[in-house]
Amino acid sequence: MGTGWNFCVPQVCSGLSFCYTQPVVRAIRARTDTFELMKEPRVFVVCATRSFDEQAGSFDQRAGLPASIPDSVAKELVGLAQLGPSDVVLEVGVGTGQIGLALCQRPLCYVGFDASATMLDVFKRRSRETERPVWLIHADGNNRWPADDGSVKAVFSSRAVHLLRVEHVVDEVFRVALPTGATLVMGRLQREKQSLRARLRQEMRERLRQLGYASREGQQKEREILDACVRRGAAPLERLVVATWPVQHSAAEVLASWREKSGLAGLDVPTEVKETVLSQLAVWAKDAFGSLEAVQSAEETYVLDGVRLPSKS
Ligand SMILES: C[S@@+](CC[C@H](N)C(=O)[O-])C[C@H]1O[C@@H](n2cnc3c(N)ncnc32)[C@H](O)[C@@H]1O
């Protein structure tokens with residue numbers, strides 16, 4: 001059996017090749033052949049990947065972060081994980097590389113992976129903006145991660161790790177963590193509970209639930225990951241608020257963006273179910289907000305949560 005991932009952008013910058021320490025080289029050569037695909041997530045990953053493949057071209061426009069956020073996240077991550085030039089950062093679910101690119105600009109060894117080749121293609125194009133080395137790997141996070149045992153100083157994931165199986169994430173984080181200790185940091189958007197978008201999302205989940213499609217909030221999955229790490233000896237880090245910014249949304253705009261991507265709430269629901277839920281939501285939103293076009297202001301916040309893994313000695 002061949003390796004489970006392809007190298008998408010092995011950029012070797014002359015004069016910078018010293019950045020590739022042995023752990024990185026080993027990390028990107030890690031093999032998958034002893035690993036079996038897990039049954040439950042396998043089905044889900046096919047759906048999740050298809051969804052992200054389809055939305056890669058419009059992802060930044062629909063769900064991208066404000067331009068100043070990626071650099072702030074990278075700066076905070078370097079501080080939180082105390083990263084130096086030879087330390088490996090493994091990013092899970094890199095997407096179009098908004099944050100990945102900012103991380104690459106820092107003096108560290110960046111390795112990122114994603115299950116969607118199309119999202120990686122966008123990152124690949126974006127990475128032309130930097131002369132720093134960028135290692136991108138096409139790999140499914142529900143399989144063995146592309147890093148050797150004990151090779152990674154920081155595992156980072158923004159808005160992605162909740163899409164994976166909790167126990168597998170925890171096992172992989174502990175497997176790849178440096179024996180001297182490592183940090184897991186997860187970034188996500190936090191919305192005001194009463195914001196138009198949050199209320200619409202809550203209604204959507206409720207309607208999906210009524211139709212037999214239960215989905216867990218990303219935040220809940222992240223909490224489960226953190227708790228499981230703590231049970232294995234990790235120390236929780238205090239939540240860090242990276243930035244808060246104003247947003248304005250109308251229900252029409254939010255519903256249109258959900259219509260554009262496949263599935264709903266990360267679930268691969270049949271088209272007719274999706275249409276039913278979106279139509280019901282349009283009726284509900286008209287009543288709740290006065291009109292589908294009514295614009296409401298709110299604030300969004302990007303936060304980092306994490307744990308420090310103990311040394312293995
Ligand atoms: C919401 S996007 C977040 C992208 C980026 N981290 C950000 O914050 O902008 C989630 C990403 O996770 C990736 N993903 C989903 N399931 C995955 C899996 N099983 N393994 C690896 N990546 C996965 C998707 O392809 C997508 O690029």
# chains A, B, ... in the order shown; residues from 1 in each chain; ligands from 1
call {"tool": "closest_atom_pairs", "arguments": {"of": "range 187-255 of chain A", "to": "range 277-287 of chain A", "cutoff": "10 Å", "atoms": "only C-alpha atoms", "output": "tab-separated table"}}
result
residue	atom	partner	partner_atom	distance
A:Leu196	CA	A:Ala285	CA	8.9
A:Arg199	CA	A:Ala285	CA	9.2
A:Leu200	CA	A:Leu281	CA	7.3
A:Arg201	CA	A:Leu281	CA	9.5
A:Glu203	CA	A:Leu281	CA	7.3
A:Met204	CA	A:Val277	CA	6.8
A:Arg205	CA	A:Val277	CA	9.4
A:Glu206	CA	A:Val277	CA	9.8
A:Arg207	CA	A:Val277	CA	6.5
A:Leu208	CA	A:Val277	CA	7.0
A:Leu211	CA	A:Val277	CA	9.1
A:Ser250	CA	A:Ala285	CA	9.5
A:Ala251	CA	A:Ala285	CA	6.5
A:Ala252	CA	A:Ala282	CA	7.8
A:Leu255	CA	A:Leu278	CA	6.9
call {"tool": "closest_atom_pairs", "arguments": {"of": "chain A", "to": "ligand 1", "cutoff": "7 Å", "atoms": "only C-alpha atoms and all ligand atoms", "output": "tab-separated table"}}
result
residue	atom	partner	partner_atom_place_in_ligand_line	distance
A:Val45	CA	ligand 1	19 (N)	5.0
A:Ala48	CA	ligand 1	16 (N)	5.4
A:Thr49	CA	ligand 1	25 (O)	5.2
A:Phe52	CA	ligand 1	25 (O)	4.9
A:Asp53	CA	ligand 1	25 (O)	6.9
A:Gly64	CA	ligand 1	9 (O)	6.1
A:Leu65	CA	ligand 1	9 (O)	6.9
A:Val92	CA	ligand 1	21 (C)	6.1
A:Gly93	CA	ligand 1	12 (O)	3.7
A:Val94	CA	ligand 1	6 (N)	4.3
A:Gly95	CA	ligand 1	27 (O)	3.2
A:Thr96	CA	ligand 1	4 (C)	6.3
A:Gly97	CA	ligand 1	5 (C)	6.4
A:Gln98	CA	ligand 1	9 (O)	5.9
A:Ile99	CA	ligand 1	9 (O)	6.8
A:Phe113	CA	ligand 1	21 (C)	6.4
A:Asp114	CA	ligand 1	22 (N)	3.8
A:Ala115	CA	ligand 1	21 (C)	4.0
A:Ser116	CA	ligand 1	25 (O)	4.3
A:Met119	CA	ligand 1	27 (O)	5.5
A:Ala139	CA	ligand 1	21 (C)	6.0
A:Asp140	CA	ligand 1	20 (N)	3.8
A:Gly141	CA	ligand 1	20 (N)	3.5
A:Asn142	CA	ligand 1	19 (N)	5.1
A:Ser157	CA	ligand 1	6 (N)	6.1
A:Ser158	CA	ligand 1	8 (O)	4.2
A:Arg159	CA	ligand 1	8 (O)	4.7
A:Ala160	CA	ligand 1	10 (C)	4.2
A:Leu163	CA	ligand 1	16 (N)	5.4
A:Leu164	CA	ligand 1	19 (N)	5.5
call {"tool": "atom_distance", "arguments": {"atom1": "CA of Glu91 in chain A", "atom2": "CA of Val161 in chain A"}}
result
9.7 Å
call {"tool": "closest_residue", "arguments": {"among": "A:Ala147, A:Leu103, A:Val152, A:Ala235", "to": "Thr130 in chain A", "atoms": "only C-alpha atoms"}}
result
A:Leu103
call {"tool": "closest_residue", "arguments": {"among": "A:Glu275, A:Glu253, A:Glu192, A:Glu172", "to": "Cys229 in chain A", "atoms": "only C-alpha atoms"}}
result
A:Glu172
call {"tool": "residues_around", "arguments": {"residues": "Ala74 in chain A", "least_positions_apart": "6", "cutoff": "9 Å", "atoms": "only C-alpha atoms", "output": "list in words"}}
result
Ile99, Gly100, Ala102, Leu103, Cys104, Gln105 and Arg106 of chain A
call {"tool": "residues_around", "arguments": {"residues": "Arg191 in chain A", "least_positions_apart": "5", "cutoff": "9 Å", "atoms": "only C-alpha atoms", "output": "PyMOL selection string"}}
result
chain A and resi 197-198+298-302
call {"tool": "write_last_selection", "arguments": {"atoms": "N, CA and C atoms", "output": "mmCIF file, in the first residue's frame"}}
result
data_model
loop_
_atom_site.group_PDB
_atom_site.id
_atom_site.type_symbol
_atom_site.label_atom_id
_atom_site.label_comp_id
_atom_site.auth_asym_id
_atom_site.auth_seq_id
_atom_site.Cartn_x
_atom_site.Cartn_y
_atom_site.Cartn_z
ATOM 1 N N ARG A 197 -26.960 35.566 13.329
ATOM 2 C CA ARG A 197 -26.376 34.335 12.802
ATOM 3 C C ARG A 197 -26.483 33.185 13.803
ATOM 4 N N ALA A 198 -26.202 33.509 15.081
ATOM 5 C CA ALA A 198 -26.255 32.463 16.112
ATOM 6 C C ALA A 198 -27.686 31.964 16.295
ATOM 7 N N ALA A 298 -23.503 42.847 15.078
ATOM 8 C CA ALA A 298 -23.090 42.011 16.213
ATOM 9 C C ALA A 298 -21.556 42.029 16.278
ATOM 10 N N GLU A 299 -21.036 41.273 17.223
ATOM 11 C CA GLU A 299 -19.574 41.156 17.320
ATOM 12 C C GLU A 299 -19.183 39.696 17.210
ATOM 13 N N GLU A 300 -18.070 39.458 16.559
ATOM 14 C CA GLU A 300 -17.514 38.104 16.531
ATOM 15 C C GLU A 300 -16.141 38.155 17.176
ATOM 16 N N THR A 301 -15.780 37.052 17.802
ATOM 17 C CA THR A 301 -14.513 36.997 18.534
ATOM 18 C C THR A 301 -13.769 35.741 18.119
ATOM 19 N N TYR A 302 -12.449 35.861 17.985
ATOM 20 C CA TYR A 302 -11.646 34.662 17.704
ATOM 21 C C TYR A 302 -10.925 34.291 18.992
#
call {"tool": "closest_residue", "arguments": {"among": "A:Pro246, A:Gly181, A:Gly187, A:Pro146", "to": "Ala81 in chain A", "atoms": "only C-alpha atoms"}}
result
A:Gly181
call {"tool": "closest_residue", "arguments": {"among": "A:Ser257, A:Gln220, A:Thr183, A:Gln248", "to": "Pro236 in chain A", "atoms": "only C-alpha atoms"}}
result
A:Thr183
call {"tool": "closest_residue", "arguments": {"among": "A:Arg175, A:Arg188, A:Arg223, A:Lys274", "to": "Arg144 in chain A", "atoms": "only C-alpha atoms"}}
result
A:Arg175
call {"tool": "atom_distance", "arguments": {"atom1": "CA of Phe59 in chain A", "atom2": "CA of Gln190 in chain A"}}
result
18.2 Å
call {"tool": "decode", "arguments": {"residues": "range 40-154 of chain A", "atoms": "C-alpha atoms", "output": "CSV table (one decimal), in the first residue's frame"}}
result
chain,number,residue,atom,x,y,z
A,40,GLU,CA,-17.8,5.8,11.4
A,41,PRO,CA,-15.6,8.8,10.6
A,42,ARG,CA,-14.7,7.4,7.2
A,43,VAL,CA,-18.2,8.0,6.0
A,44,PHE,CA,-18.3,11.4,7.6
A,45,VAL,CA,-15.0,12.4,6.1
A,46,VAL,CA,-16.1,11.6,2.6
A,47,CYS,CA,-19.0,14.0,3.2
A,48,ALA,CA,-16.9,16.7,4.9
A,49,THR,CA,-14.3,16.6,2.3
A,50,ARG,CA,-16.8,16.8,-0.5
A,51,SER,CA,-18.4,19.7,1.2
A,52,PHE,CA,-15.1,21.5,1.5
A,53,ASP,CA,-14.0,20.6,-2.0
A,54,GLU,CA,-17.1,22.2,-3.3
A,55,GLN,CA,-16.7,25.4,-1.3
A,56,ALA,CA,-12.9,25.9,-1.6
A,57,GLY,CA,-13.3,28.6,-4.3
A,58,SER,CA,-15.7,30.7,-2.2
A,59,PHE,CA,-14.6,29.7,1.3
A,60,ASP,CA,-12.5,32.9,2.0
A,61,GLN,CA,-15.3,35.1,0.8
A,62,ARG,CA,-18.0,33.2,2.7
A,63,ALA,CA,-16.2,32.2,5.9
A,64,GLY,CA,-12.7,33.9,5.7
A,65,LEU,CA,-11.3,35.7,8.8
A,66,PRO,CA,-10.7,39.4,8.8
A,67,ALA,CA,-7.3,40.2,7.3
A,68,SER,CA,-5.6,41.2,10.6
A,69,ILE,CA,-6.6,38.0,12.5
A,70,PRO,CA,-4.2,35.4,11.0
A,71,ASP,CA,-1.1,37.3,12.0
A,72,SER,CA,-2.4,37.9,15.5
A,73,VAL,CA,-3.3,34.1,15.9
A,74,ALA,CA,0.2,33.2,14.7
A,75,LYS,CA,1.8,35.6,17.1
A,76,GLU,CA,-0.2,34.2,20.1
A,77,LEU,CA,0.5,30.6,19.1
A,78,VAL,CA,4.2,31.2,19.0
A,79,GLY,CA,4.0,32.7,22.5
A,80,LEU,CA,1.6,30.1,23.9
A,81,ALA,CA,3.6,27.2,22.7
A,82,GLN,CA,7.0,28.9,23.1
A,83,LEU,CA,8.1,28.0,19.6
A,84,GLY,CA,11.6,28.4,18.3
A,85,PRO,CA,13.1,28.1,14.8
A,86,SER,CA,13.6,24.4,14.8
A,87,ASP,CA,10.2,23.5,16.4
A,88,VAL,CA,7.6,21.7,14.3
A,89,VAL,CA,4.0,23.1,14.2
A,90,LEU,CA,1.5,20.6,12.8
A,91,GLU,CA,-1.7,22.3,11.7
A,92,VAL,CA,-4.8,20.1,11.3
A,93,GLY,CA,-7.4,21.1,8.7
A,94,VAL,CA,-5.4,24.0,7.2
A,95,GLY,CA,-8.1,25.0,4.7
A,96,THR,CA,-7.2,27.8,2.4
A,97,GLY,CA,-4.3,28.7,4.6
A,98,GLN,CA,-5.2,32.0,6.0
A,99,ILE,CA,-3.6,31.2,9.3
A,100,GLY,CA,-1.2,28.7,7.9
A,101,LEU,CA,0.5,31.3,5.8
A,102,ALA,CA,0.9,33.7,8.7
A,103,LEU,CA,2.4,30.8,10.7
A,104,CYS,CA,4.9,30.1,7.9
A,105,GLN,CA,6.2,33.7,8.1
A,106,ARG,CA,7.4,33.0,11.6
A,107,PRO,CA,10.7,31.3,12.4
A,108,LEU,CA,9.4,27.8,12.9
A,109,CYS,CA,8.9,24.6,10.9
A,110,TYR,CA,5.4,24.5,9.6
A,111,VAL,CA,3.6,21.3,8.4
A,112,GLY,CA,-0.1,21.5,7.6
A,113,PHE,CA,-2.5,18.9,6.3
A,114,ASP,CA,-6.1,18.8,5.1
A,115,ALA,CA,-8.4,16.1,3.7
A,116,SER,CA,-9.6,18.4,0.9
A,117,ALA,CA,-7.2,18.6,-2.0
A,118,THR,CA,-9.2,21.6,-3.4
A,119,MET,CA,-8.8,23.6,-0.2
A,120,LEU,CA,-5.1,22.7,-0.3
A,121,ASP,CA,-4.9,24.0,-3.8
A,122,VAL,CA,-6.1,27.4,-2.6
A,123,PHE,CA,-3.4,27.4,0.1
A,124,LYS,CA,-0.8,26.3,-2.5
A,125,ARG,CA,-1.6,29.4,-4.6
A,126,ARG,CA,-1.6,31.6,-1.5
A,127,SER,CA,1.8,30.2,-0.4
A,128,ARG,CA,3.4,31.8,-3.5
A,129,GLU,CA,3.2,35.0,-1.4
A,130,THR,CA,6.0,33.7,0.9
A,131,GLU,CA,9.5,32.6,0.3
A,132,ARG,CA,9.4,30.6,3.5
A,133,PRO,CA,9.1,26.8,3.2
A,134,VAL,CA,5.5,25.5,3.4
A,135,TRP,CA,4.9,21.8,3.8
A,136,LEU,CA,1.3,20.8,2.8
A,137,ILE,CA,0.1,17.3,3.0
A,138,HIS,CA,-3.1,15.8,1.7
A,139,ALA,CA,-4.2,13.6,4.5
A,140,ASP,CA,-7.3,12.6,6.5
A,141,GLY,CA,-7.2,13.6,10.1
A,142,ASN,CA,-9.2,10.5,11.1
A,143,ASN,CA,-6.2,8.4,9.9
A,144,ARG,CA,-2.7,8.6,11.2
A,145,TRP,CA,-1.5,12.2,11.1
A,146,PRO,CA,1.5,12.9,8.9
A,147,ALA,CA,4.1,13.2,11.8
A,148,ASP,CA,6.4,10.9,13.5
A,149,ASP,CA,5.9,9.9,17.2
A,150,GLY,CA,7.4,12.5,19.5
A,151,SER,CA,8.2,15.1,16.7
A,152,VAL,CA,5.9,18.0,17.2
A,153,LYS,CA,6.1,21.0,19.6
A,154,ALA,CA,2.6,22.4,18.8
